[in-house]
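Novice: Provided below: data.cif, containing mmCIF, C-alpha atoms.
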data_structure
#
loop_
_atom_site.group_PDB
_atom_site.id
_atom_site.type_symbol
_atom_site.label_atom_id
_atom_site.label_comp_id
_atom_site.auth_asym_id
_atom_site.auth_seq_id
_atom_site.Cartn_x
_atom_site.Cartn_y
_atom_site.Cartn_z
ATOM 1 C CA SER A 793 0.000 0.000 0.000
ATOM 2 C CA SER A 794 2.877 2.336 0.716
ATOM 3 C CA SER A 795 4.300 1.740 -2.746
ATOM 4 C CA SER A 796 0.954 2.447 -4.408
ATOM 5 C CA SER A 797 0.556 5.765 -2.530
ATOM 6 C CA SER A 798 4.045 6.874 -3.491
ATOM 7 C CA SER A 799 3.434 6.056 -7.139
ATOM 8 C CA SER A 800 0.151 8.036 -7.117
ATOM 9 C CA SER A 801 1.869 11.044 -5.585
ATOM 10 C CA GLY A 802 4.593 10.847 -8.220
ATOM 11 C CA LYS A 803 1.959 10.845 -10.950
ATOM 12 C CA LYS A 804 0.356 13.915 -9.467
ATOM 13 C CA MET A 805 3.685 15.735 -9.345
ATOM 14 C CA LEU A 806 4.378 14.873 -12.961
ATOM 15 C CA GLN A 807 0.944 16.108 -13.985
ATOM 16 C CA SER A 808 1.361 19.414 -12.100
ATOM 17 C CA SER A 809 4.827 20.047 -13.564
ATOM 18 C CA SER A 810 3.577 19.346 -17.069
ATOM 19 C CA SER A 811 0.616 21.641 -16.468
ATOM 20 C CA SER A 812 2.919 24.430 -15.233
ATOM 21 C CA THR A 813 5.187 24.050 -18.242
ATOM 22 C CA SER A 814 2.190 24.211 -20.562
ATOM 23 C CA MET A 815 0.895 27.418 -18.942
ATOM 24 C CA LYS A 816 4.317 29.041 -19.225
ATOM 25 C CA ARG A 817 4.497 28.169 -22.907
ATOM 26 C CA THR A 818 0.996 29.555 -23.461
ATOM 27 C CA SER A 819 1.869 32.835 -21.624
ATOM 28 C CA THR A 820 5.097 33.215 -23.629
ATOM 29 C CA THR A 821 3.221 32.638 -26.876
ATOM 30 C CA THR A 822 0.559 35.198 -25.946
ATOM 31 C CA THR A 823 3.203 37.805 -25.025
ATOM 32 C CA ASN A 824 5.065 37.305 -28.295
ATOM 33 C CA PHE A 825 1.811 37.569 -30.222
ATOM 34 C CA ASN A 826 0.906 40.868 -28.500
ATOM 35 C CA LYS A 827 4.376 42.290 -29.220
ATOM 36 C CA ARG A 828 4.092 41.376 -32.886
ATOM 37 C CA LEU A 829 0.615 42.904 -33.048
ATOM 38 C CA THR A 830 1.828 46.165 -31.432
ATOM 39 C CA GLU A 831 4.803 46.356 -33.816
ATOM 40 C CA GLN A 832 2.515 45.793 -36.786
ATOM 41 C CA LYS A 833 0.203 48.634 -35.609
ATOM 42 C CA ARG A 834 3.131 50.987 -35.147
ATOM 43 C CA GLY A 835 4.485 50.018 -38.550
ATOM 44 C CA ARG A 836 1.124 50.828 -40.145
ATOM 45 C CA ARG A 837 0.934 54.179 -38.348
ATOM 46 C CA SER A 838 4.517 55.015 -39.395
ATOM 47 C CA ALA A 839 3.557 54.250 -42.991
ATOM 48 C CA MET A 840 0.584 56.573 -42.655
ATOM 49 C CA ILE A 841 2.883 59.390 -41.422
ATOM 50 C CA ILE A 842 5.292 58.886 -44.314
ATOM 51 C CA LYS A 843 2.455 58.877 -46.848
ATOM 52 C CA SER A 844 0.715 61.970 -45.471
ATOM 53 C CA GLY A 845 3.568 64.472 -45.997
ATOM 54 C CA ASN A 846 1.578 67.286 -44.296
ATOM 55 C CA GLY A 847 2.835 69.100 -41.168
ATOM 56 C CA ASP A 848 -0.519 69.201 -39.399
ATOM 57 C CA ASP A 849 -1.318 65.581 -40.330
ATOM 58 C CA THR A 850 2.129 64.564 -39.142
ATOM 59 C CA LEU A 851 1.444 66.037 -35.723
ATOM 60 C CA LYS A 852 -1.899 64.267 -35.573
ATOM 61 C CA ASN A 853 -0.373 60.965 -36.682
ATOM 62 C CA LEU A 854 2.459 61.424 -34.220
ATOM 63 C CA GLU A 855 -0.124 61.934 -31.516
ATOM 64 C CA SER A 856 -1.819 58.674 -32.529
ATOM 65 C CA LEU A 857 1.517 56.852 -32.514
ATOM 66 C CA LEU A 858 2.313 57.882 -28.974
ATOM 67 C CA PRO A 859 0.965 55.998 -26.022
ATOM 68 C CA GLU A 860 -2.186 57.307 -24.373
ATOM 69 C CA ASP A 861 -0.325 59.184 -21.615
ATOM 70 C CA ASP A 862 1.977 60.934 -24.110
ATOM 71 C CA SER A 863 -1.024 61.869 -26.254
ATOM 72 C CA GLU A 864 -2.717 63.553 -23.296
ATOM 73 C CA ARG A 865 0.489 65.370 -22.441
ATOM 74 C CA LEU A 866 0.827 66.621 -26.013
ATOM 75 C CA GLN A 867 -2.792 67.806 -25.969
ATOM 76 C CA LYS A 868 -2.179 69.699 -22.730
ATOM 77 C CA GLU A 869 0.925 71.327 -24.198
ATOM 78 C CA ARG A 870 -1.040 72.447 -27.236
ATOM 79 C CA GLU A 871 -3.757 73.867 -25.009
ATOM 80 C CA ARG A 872 -1.149 75.651 -22.912
ATOM 81 C CA GLU A 873 0.448 77.162 -26.030
ATOM 82 C CA ALA A 874 -2.949 78.305 -27.266
ATOM 83 C CA GLU A 875 -3.666 79.889 -23.874
ATOM 84 C CA GLU A 876 -0.303 81.656 -23.888
ATOM 85 C CA LYS A 877 -0.961 83.020 -27.376
ATOM 86 C CA TYR A 878 -4.361 84.276 -26.247
ATOM 87 C CA LYS A 879 -2.843 85.972 -23.209
ATOM 88 C CA GLU A 880 -0.166 87.520 -25.420
ATOM 89 C CA LYS A 881 -2.825 88.903 -27.774
ATOM 90 C CA GLN A 882 -4.784 90.295 -24.824
ATOM 91 C CA GLU A 883 -1.626 91.920 -23.468
ATOM 92 C CA GLN A 884 -0.858 93.483 -26.852
ATOM 93 C CA LYS A 885 -4.437 94.748 -27.062
ATOM 94 C CA ARG A 886 -4.188 96.251 -23.575
ATOM 95 C CA LEU A 887 -0.873 97.912 -24.427
ATOM 96 C CA ALA A 888 -2.384 99.362 -27.599
ATOM 97 C CA GLU A 889 -5.331 100.744 -25.622
ATOM 98 C CA ASP A 890 -3.001 102.223 -22.999
ATOM 99 C CA LEU A 891 -0.907 103.821 -25.729
ATOM 100 C CA ALA A 892 -3.985 105.297 -27.409
ATOM 101 C CA SER A 893 -5.211 106.604 -24.055
ATOM 102 C CA ALA A 894 -1.804 108.142 -23.311
ATOM 103 C CA ILE A 895 -1.727 109.854 -26.706
ATOM 104 C CA LYS A 896 -5.257 111.158 -26.154
ATOM 105 C CA ASN A 897 -4.365 112.500 -22.702
ATOM 106 C CA GLN A 898 -1.222 114.090 -24.092
ATOM 107 C CA GLU A 899 -3.234 115.864 -26.786
ATOM 108 C CA LYS A 900 -5.758 116.954 -24.165
ATOM 109 C CA ASN A 901 -2.981 118.301 -21.944
ATOM 110 C CA LYS A 902 -1.515 120.168 -24.876
ATOM 111 C CA LYS A 903 -4.903 121.664 -25.552
ATOM 112 C CA ASN A 904 -5.337 122.705 -21.929
ATOM 113 C CA THR A 905 -1.904 124.199 -21.444
ATOM 114 C CA PHE A 906 -1.719 127.751 -20.221
ATOM 115 C CA THR A 907 -0.139 129.019 -23.439
ATOM 116 C CA MET A 908 -1.513 127.987 -26.823
ATOM 117 C CA GLY A 909 0.066 129.241 -30.012
ATOM 118 C CA ASP A 910 3.584 130.182 -30.995
ATOM 119 C CA ASP A 911 5.098 133.561 -31.522
ATOM 120 C CA GLY A 912 4.823 134.672 -35.143
ATOM 121 C CA GLU A 913 2.156 132.134 -36.065
ATOM 122 C CA TYR A 914 -0.515 134.808 -36.728
ATOM 123 C CA ASP A 915 -0.368 137.920 -38.895
ATOM 124 C CA PHE A 916 -0.527 141.508 -37.699
ATOM 125 C CA ALA A 917 -4.254 141.934 -38.389
ATOM 126 C CA GLN A 918 -5.203 138.885 -36.302
ATOM 127 C CA LYS A 919 -3.000 139.989 -33.410
ATOM 128 C CA SER A 920 -4.423 143.511 -33.515
ATOM 129 C CA ILE A 921 -8.066 142.361 -33.498
ATOM 130 C CA ALA A 922 -7.400 139.897 -30.671
ATOM 131 C CA ALA A 923 -5.696 142.595 -28.569
ATOM 132 C CA LEU A 924 -8.397 145.234 -29.199
ATOM 133 C CA CYS A 925 -11.120 142.858 -27.977
ATOM 134 C CA TYR A 926 -9.851 143.316 -24.414
ATOM 135 C CA MET A 927 -10.645 147.038 -24.554
ATOM 136 C CA LEU A 928 -14.349 146.238 -24.064
ATOM 137 C CA PRO A 929 -14.115 144.810 -20.509
ATOM 138 C CA LEU A 930 -11.391 147.307 -19.594
ATOM 139 C CA LEU A 931 -13.575 150.308 -20.536
ATOM 140 C CA ASP A 932 -16.563 148.774 -18.770
ATOM 141 C CA SER A 933 -14.527 148.283 -15.591
ATOM 142 C CA LEU A 934 -13.534 151.976 -15.295
ATOM 143 C CA LYS A 935 -16.607 152.663 -13.146
ATOM 144 C CA TYR A 936 -15.014 150.442 -10.455
ATOM 145 C CA SER A 937 -11.777 152.460 -10.441
ATOM 146 C CA LYS A 938 -13.012 155.574 -8.590
ATOM 147 C CA PHE A 939 -11.841 154.562 -5.123
ATOM 148 C CA LEU A 940 -8.478 153.314 -6.355
ATOM 149 C CA LEU A 941 -7.779 156.538 -8.279
ATOM 150 C CA ILE A 942 -8.748 158.623 -5.249
ATOM 151 C CA GLN A 943 -6.441 156.637 -2.966
ATOM 152 C CA PHE A 944 -3.612 156.456 -5.539
ATOM 153 C CA PRO A 945 -3.804 159.393 -7.987
ATOM 154 C CA LEU A 946 -0.660 158.275 -9.781
ATOM 155 C CA ALA A 947 -2.496 155.125 -10.894
ATOM 156 C CA SER A 948 -4.362 157.300 -13.385
ATOM 157 C CA LEU A 949 -1.132 157.557 -15.372
ATOM 158 C CA ALA A 950 -1.647 153.919 -16.442
ATOM 159 C CA LEU A 951 -4.916 154.954 -18.101
ATOM 160 C CA LEU A 952 -3.564 158.139 -19.694
ATOM 161 C CA PRO A 953 -2.743 156.545 -23.078
ATOM 162 C CA LEU A 954 -6.383 155.394 -23.295
ATOM 163 C CA LYS A 955 -7.887 158.843 -22.638
ATOM 164 C CA PRO A 956 -9.230 159.424 -26.214
ATOM 165 C CA LEU A 957 -10.728 155.953 -26.306
ATOM 166 C CA ILE A 958 -12.254 156.406 -22.825
ATOM 167 C CA GLU A 959 -13.904 159.691 -23.836
ATOM 168 C CA LEU A 960 -15.318 158.080 -26.978
ATOM 169 C CA TRP A 961 -16.609 155.121 -24.991
ATOM 170 C CA PHE A 962 -18.563 157.212 -22.496
ATOM 171 C CA ALA A 963 -19.892 159.391 -25.319
ATOM 172 C CA LEU A 964 -21.575 156.333 -26.867
ATOM 173 C CA GLY A 965 -24.009 155.939 -23.971
ATOM 174 C CA PHE A 966 -26.538 153.200 -24.735
ATOM 175 C CA LEU A 967 -24.727 152.399 -27.972
ATOM 176 C CA GLN A 968 -22.144 150.571 -25.889
ATOM 177 C CA ILE A 969 -24.403 147.503 -26.092
ATOM 178 C CA ALA A 970 -24.025 147.641 -29.879
ATOM 179 C CA VAL A 971 -20.265 147.209 -29.479
ATOM 180 C CA PHE A 972 -20.875 144.164 -27.286
ATOM 181 C CA PHE A 973 -23.138 142.415 -29.803
ATOM 182 C CA GLY A 974 -20.974 143.547 -32.697
ATOM 183 C CA MET A 975 -17.990 141.740 -31.164
ATOM 184 C CA TYR A 976 -20.041 138.664 -30.349
ATOM 185 C CA LEU A 977 -21.635 138.300 -33.800
ATOM 186 C CA GLY A 978 -18.835 139.717 -35.903
ATOM 187 C CA VAL A 979 -15.884 138.001 -34.258
ATOM 188 C CA ILE A 980 -16.855 135.102 -32.006
ATOM 189 C CA GLN A 981 -19.556 133.688 -34.303
ATOM 190 C CA ASN A 982 -17.575 134.430 -37.454
ATOM 191 C CA GLN A 983 -16.008 131.132 -38.510
ATOM 192 C CA ASN A 984 -13.869 132.964 -41.062
ATOM 193 C CA MET A 985 -11.886 134.318 -38.148
ATOM 194 C CA SER A 986 -9.087 132.144 -36.783
ATOM 195 C CA ARG A 987 -9.580 130.347 -33.509
ATOM 196 C CA PHE A 988 -6.853 132.540 -32.038
ATOM 197 C CA VAL A 989 -8.944 135.688 -32.593
ATOM 198 C CA ARG A 990 -12.253 134.085 -31.593
ATOM 199 C CA PHE A 991 -10.779 132.660 -28.381
ATOM 200 C CA ASN A 992 -9.464 136.050 -27.257
ATOM 201 C CA ALA A 993 -12.773 137.692 -28.152
ATOM 202 C CA GLN A 994 -14.608 135.018 -26.168
ATOM 203 C CA GLN A 995 -12.453 135.706 -23.130
ATOM 204 C CA ALA A 996 -13.112 139.447 -23.433
ATOM 205 C CA ILE A 997 -16.884 138.860 -23.694
ATOM 206 C CA LEU A 998 -16.955 136.564 -20.659
ATOM 207 C CA LEU A 999 -14.848 139.011 -18.694
ATOM 208 C CA ASP A 1000 -17.300 141.775 -19.572
ATOM 209 C CA ILE A 1001 -20.257 139.605 -18.551
ATOM 210 C CA LEU A 1002 -18.501 138.843 -15.268
ATOM 211 C CA LEU A 1003 -18.573 142.573 -14.449
ATOM 212 C CA ILE A 1004 -22.361 142.392 -14.162
ATOM 213 C CA LEU A 1005 -22.082 140.580 -10.817
ATOM 214 C CA PRO A 1006 -20.490 143.427 -8.782
ATOM 215 C CA ASP A 1007 -22.886 145.889 -10.421
ATOM 216 C CA VAL A 1008 -25.848 143.799 -9.253
ATOM 217 C CA LEU A 1009 -24.412 143.591 -5.730
ATOM 218 C CA THR A 1010 -23.894 147.350 -5.660
ATOM 219 C CA ARG A 1011 -27.501 148.037 -6.677
ATOM 220 C CA LEU A 1012 -28.758 145.416 -4.238
ATOM 221 C CA PHE A 1013 -27.153 147.068 -1.215
ATOM 222 C CA ALA A 1014 -27.767 150.665 -2.331
ATOM 223 C CA GLY A 1015 -29.919 152.886 -0.129
ATOM 224 C CA MET A 1016 -33.366 154.257 -0.843
ATOM 225 C CA ASP A 1017 -31.844 157.186 -2.712
ATOM 226 C CA GLY A 1018 -29.899 154.817 -4.981
ATOM 227 C CA GLN A 1019 -26.565 155.863 -3.521
ATOM 228 C CA GLY A 1020 -24.079 153.468 -2.023
ATOM 229 C CA PRO A 1021 -23.017 153.320 1.614
ATOM 230 C CA THR A 1022 -21.477 156.522 2.924
ATOM 231 C CA GLY A 1023 -19.556 155.150 5.870
ATOM 232 C CA GLY A 1024 -18.868 152.266 8.187
ATOM 233 C CA ILE A 1025 -18.243 148.683 7.242
ATOM 234 C CA GLY A 1026 -20.528 148.973 4.214
ATOM 235 C CA LEU A 1027 -18.289 151.606 2.610
ATOM 236 C CA GLN A 1028 -15.174 149.601 3.406
ATOM 237 C CA ALA A 1029 -16.670 146.493 1.785
ATOM 238 C CA GLU A 1030 -17.615 148.507 -1.301
ATOM 239 C CA VAL A 1031 -14.117 149.973 -1.587
ATOM 240 C CA ILE A 1032 -12.506 146.530 -1.357
ATOM 241 C CA MET A 1033 -14.919 145.085 -3.907
ATOM 242 C CA PHE A 1034 -14.470 147.950 -6.392
ATOM 243 C CA ASN A 1035 -10.686 147.917 -6.130
ATOM 244 C CA SER A 1036 -10.503 144.125 -6.467
ATOM 245 C CA VAL A 1037 -12.805 144.079 -9.505
ATOM 246 C CA PHE A 1038 -10.917 146.834 -11.284
ATOM 247 C CA LEU A 1039 -7.479 145.412 -10.578
ATOM 248 C CA TYR A 1040 -8.529 141.924 -11.684
ATOM 249 C CA THR A 1041 -10.043 143.277 -14.899
ATOM 250 C CA TYR A 1042 -7.150 145.629 -15.615
ATOM 251 C CA ILE A 1043 -4.474 142.960 -15.105
ATOM 252 C CA SER A 1044 -6.452 140.361 -17.090
ATOM 253 C CA CYS A 1045 -6.947 142.730 -20.020
ATOM 254 C CA LEU A 1046 -3.287 143.776 -19.914
ATOM 255 C CA VAL A 1047 -2.048 140.167 -19.923
ATOM 256 C CA GLY A 1048 -4.548 139.145 -22.597
ATOM 257 C CA SER A 1049 -3.757 142.029 -24.946
ATOM 258 C CA VAL A 1050 0.023 141.732 -24.529
ATOM 259 C CA SER A 1051 -0.041 137.972 -25.160
ATOM 260 C CA ALA A 1052 -2.337 138.451 -28.165
ATOM 261 C CA THR A 1053 0.042 141.064 -29.583
ATOM 262 C CA SER A 1054 2.897 138.559 -29.277
ATOM 263 C CA GLY A 1055 0.833 135.848 -30.974
ATOM 264 C CA LYS A 1056 0.194 133.753 -27.880
ATOM 265 C CA THR A 1057 -3.130 132.795 -26.354
ATOM 266 C CA VAL A 1058 -3.225 132.875 -22.559
ATOM 267 C CA LYS A 1059 -6.026 131.374 -20.473
ATOM 268 C CA LEU A 1060 -7.132 133.974 -17.970
ATOM 269 C CA PRO A 1061 -8.211 132.992 -14.439
ATOM 270 C CA LEU A 1062 -11.907 132.161 -13.956
ATOM 271 C CA ILE A 1063 -12.784 132.454 -17.655
ATOM 272 C CA GLY A 1064 -10.006 130.700 -19.597
ATOM 273 C CA ASP A 1065 -11.375 127.152 -19.473
ATOM 274 C CA ALA A 1066 -14.928 128.292 -20.239
ATOM 275 C CA SER A 1067 -13.687 130.289 -23.232
ATOM 276 C CA ASP A 1068 -11.691 127.336 -24.510
ATOM 277 C CA SER A 1069 -14.666 124.969 -24.296
ATOM 278 C CA GLN A 1070 -17.010 127.422 -26.049
ATOM 279 C CA THR A 1071 -14.636 128.293 -28.892
ATOM 280 C CA ARG A 1072 -14.857 125.749 -31.700
#
Just dump the structure as structure tokens.

Specialist:
Amino acid sequence: SSSSSSSSSGKKMLQSSSSSTSMKRTSTTTTNFNKRLTEQKRGRRSAMIIKSGNGDDTLKNLESLLPEDDSERLQKEREREAEEKYKEKQEQKRLAEDLASAIKNQEKNKKNTFTMGDDGEYDFAQKSIAALCYMLPLLDSLKYSKFLLIQFPLASLALLPLKPLIELWFALGFLQIAVFFGMYLGVIQNQNMSRFVRFNAQQAILLDILLILPDVLTRLFAGMDGQGPTGGIGLQAEVIMFNSVFLYTYISCLVGSVSATSGKTVKLPLIGDASDSQTR
């Protein structure tokens, strides 16, 4: 019985070893078959790349040749390149907009500079008309000079060259309004005039209109007899107001006329920006 059991166990060992050898052979055969199949597929894909001859198709075929992980990596790289190109285009667009905005601001700053126009750019007639326009507010402001001339008689010497023009102005009476509208319609609204002349005329008109405010205040605080205050703080306030109005008008007209004579356009305080915006 012992011999029969040993022989049966030997048979079983032989059967298991033969079975193991068979499985190894089958696994080796399957592996070789898969390798051949993979090489055949790659060979076919390589042939497709060679036949295509197109750059874009070559990239696509190369993508198909690569393993799945490499294909995904290539796709991500292409997406990243596309995103970088988009960002670069957006950056260039932003730089172009910033440049356009800077140029626009520079032109605006040039337009709003205190001095506009170069010496010698305008002829003698244009300079003369532009300078004469400032005589209108200056002549209208003489009524505010009475206190200043009383306090400082020598200040009248500054007005001495204008004596003939001053006498003519007061002789016009109500016709002074005709001079105002004549300047407005004949110079400011006249598009045949240069902007240099029309701008200076516009400043002179606005300066003349500005003189209405102290006149209204004077009439508002006048007494029952129509006369102004005769003493106290009321008289002091009137003296300060009259002197300030006349000095502001006189200096503005002097600066405006001198700059116009030299061919330069100067923005006067309080009225320069408004004149610039209204002069087309």

Novice: Exactly which residues make up the result of the PyMOL selection byres ((chain A and resi 929-938) around 8) on this file, given as a ChimeraX atom specification?

Specialist: /A:926-928,939-942,958,961,996-997,999-1000,1003,1034-1035,1037-1038,1041-1042,1045

Novice: I would like the residues chosen by the PyMOL selection byres ((chain A and resi 975) around 12) on the shown file; could you give them as a tab-separated table (two decimals) with C-alpha atoms, keeping the file's coordinate frame?

Specialist:
chain	number	residue	atom	x	y	z
A	921	ILE	CA	-8.07	142.36	-33.50
A	922	ALA	CA	-7.40	139.90	-30.67
A	924	LEU	CA	-8.40	145.23	-29.20
A	925	CYS	CA	-11.12	142.86	-27.98
A	926	TYR	CA	-9.85	143.32	-24.41
A	927	MET	CA	-10.64	147.04	-24.55
A	928	LEU	CA	-14.35	146.24	-24.06
A	929	PRO	CA	-14.12	144.81	-20.51
A	968	GLN	CA	-22.14	150.57	-25.89
A	969	ILE	CA	-24.40	147.50	-26.09
A	970	ALA	CA	-24.02	147.64	-29.88
A	971	VAL	CA	-20.26	147.21	-29.48
A	972	PHE	CA	-20.88	144.16	-27.29
A	973	PHE	CA	-23.14	142.42	-29.80
A	974	GLY	CA	-20.97	143.55	-32.70
A	976	TYR	CA	-20.04	138.66	-30.35
A	977	LEU	CA	-21.64	138.30	-33.80
A	978	GLY	CA	-18.84	139.72	-35.90
A	979	VAL	CA	-15.88	138.00	-34.26
A	980	ILE	CA	-16.86	135.10	-32.01
A	981	GLN	CA	-19.56	133.69	-34.30
A	982	ASN	CA	-17.58	134.43	-37.45
A	985	MET	CA	-11.89	134.32	-38.15
A	989	VAL	CA	-8.94	135.69	-32.59
A	990	ARG	CA	-12.25	134.08	-31.59
A	991	PHE	CA	-10.78	132.66	-28.38
A	992	ASN	CA	-9.46	136.05	-27.26
A	993	ALA	CA	-12.77	137.69	-28.15
A	994	GLN	CA	-14.61	135.02	-26.17
A	995	GLN	CA	-12.45	135.71	-23.13
A	996	ALA	CA	-13.11	139.45	-23.43
A	997	ILE	CA	-16.88	138.86	-23.69
A	998	LEU	CA	-16.95	136.56	-20.66
A	1000	ASP	CA	-17.30	141.78	-19.57

Novice: Would you work out the distance separating CA of Lys1059 (chain A) from CA of Gln898 (chain A), expressed in Å to one decimal?

Specialist: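 Here the two named atoms are 18.3 Å from each other.
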
Novice: CA of Arg886 (chain A) and CA of Arg872 (chain A), how far apart in Å?

Specialist: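 Taking CA of Arg872 (chain A) as the start and CA of Arg886 (chain A) as the end point, the length is 20.8 Å.
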
Novice: Rank nothing, just name the residue among A:Lys896, A:Lys919, A:Arg865, A:Arg987 nearest to Gln1070 (chain A), using only C-alpha atoms.

Specialist: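 Closest candidate: A:Arg987.
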
Novice: What does the distance from CA of Ser920 (chain A) to CA of Ser1049 (chain A) come to in Å, to one decimal?

Specialist: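 Here the two named atoms are 8.7 Å from each other.
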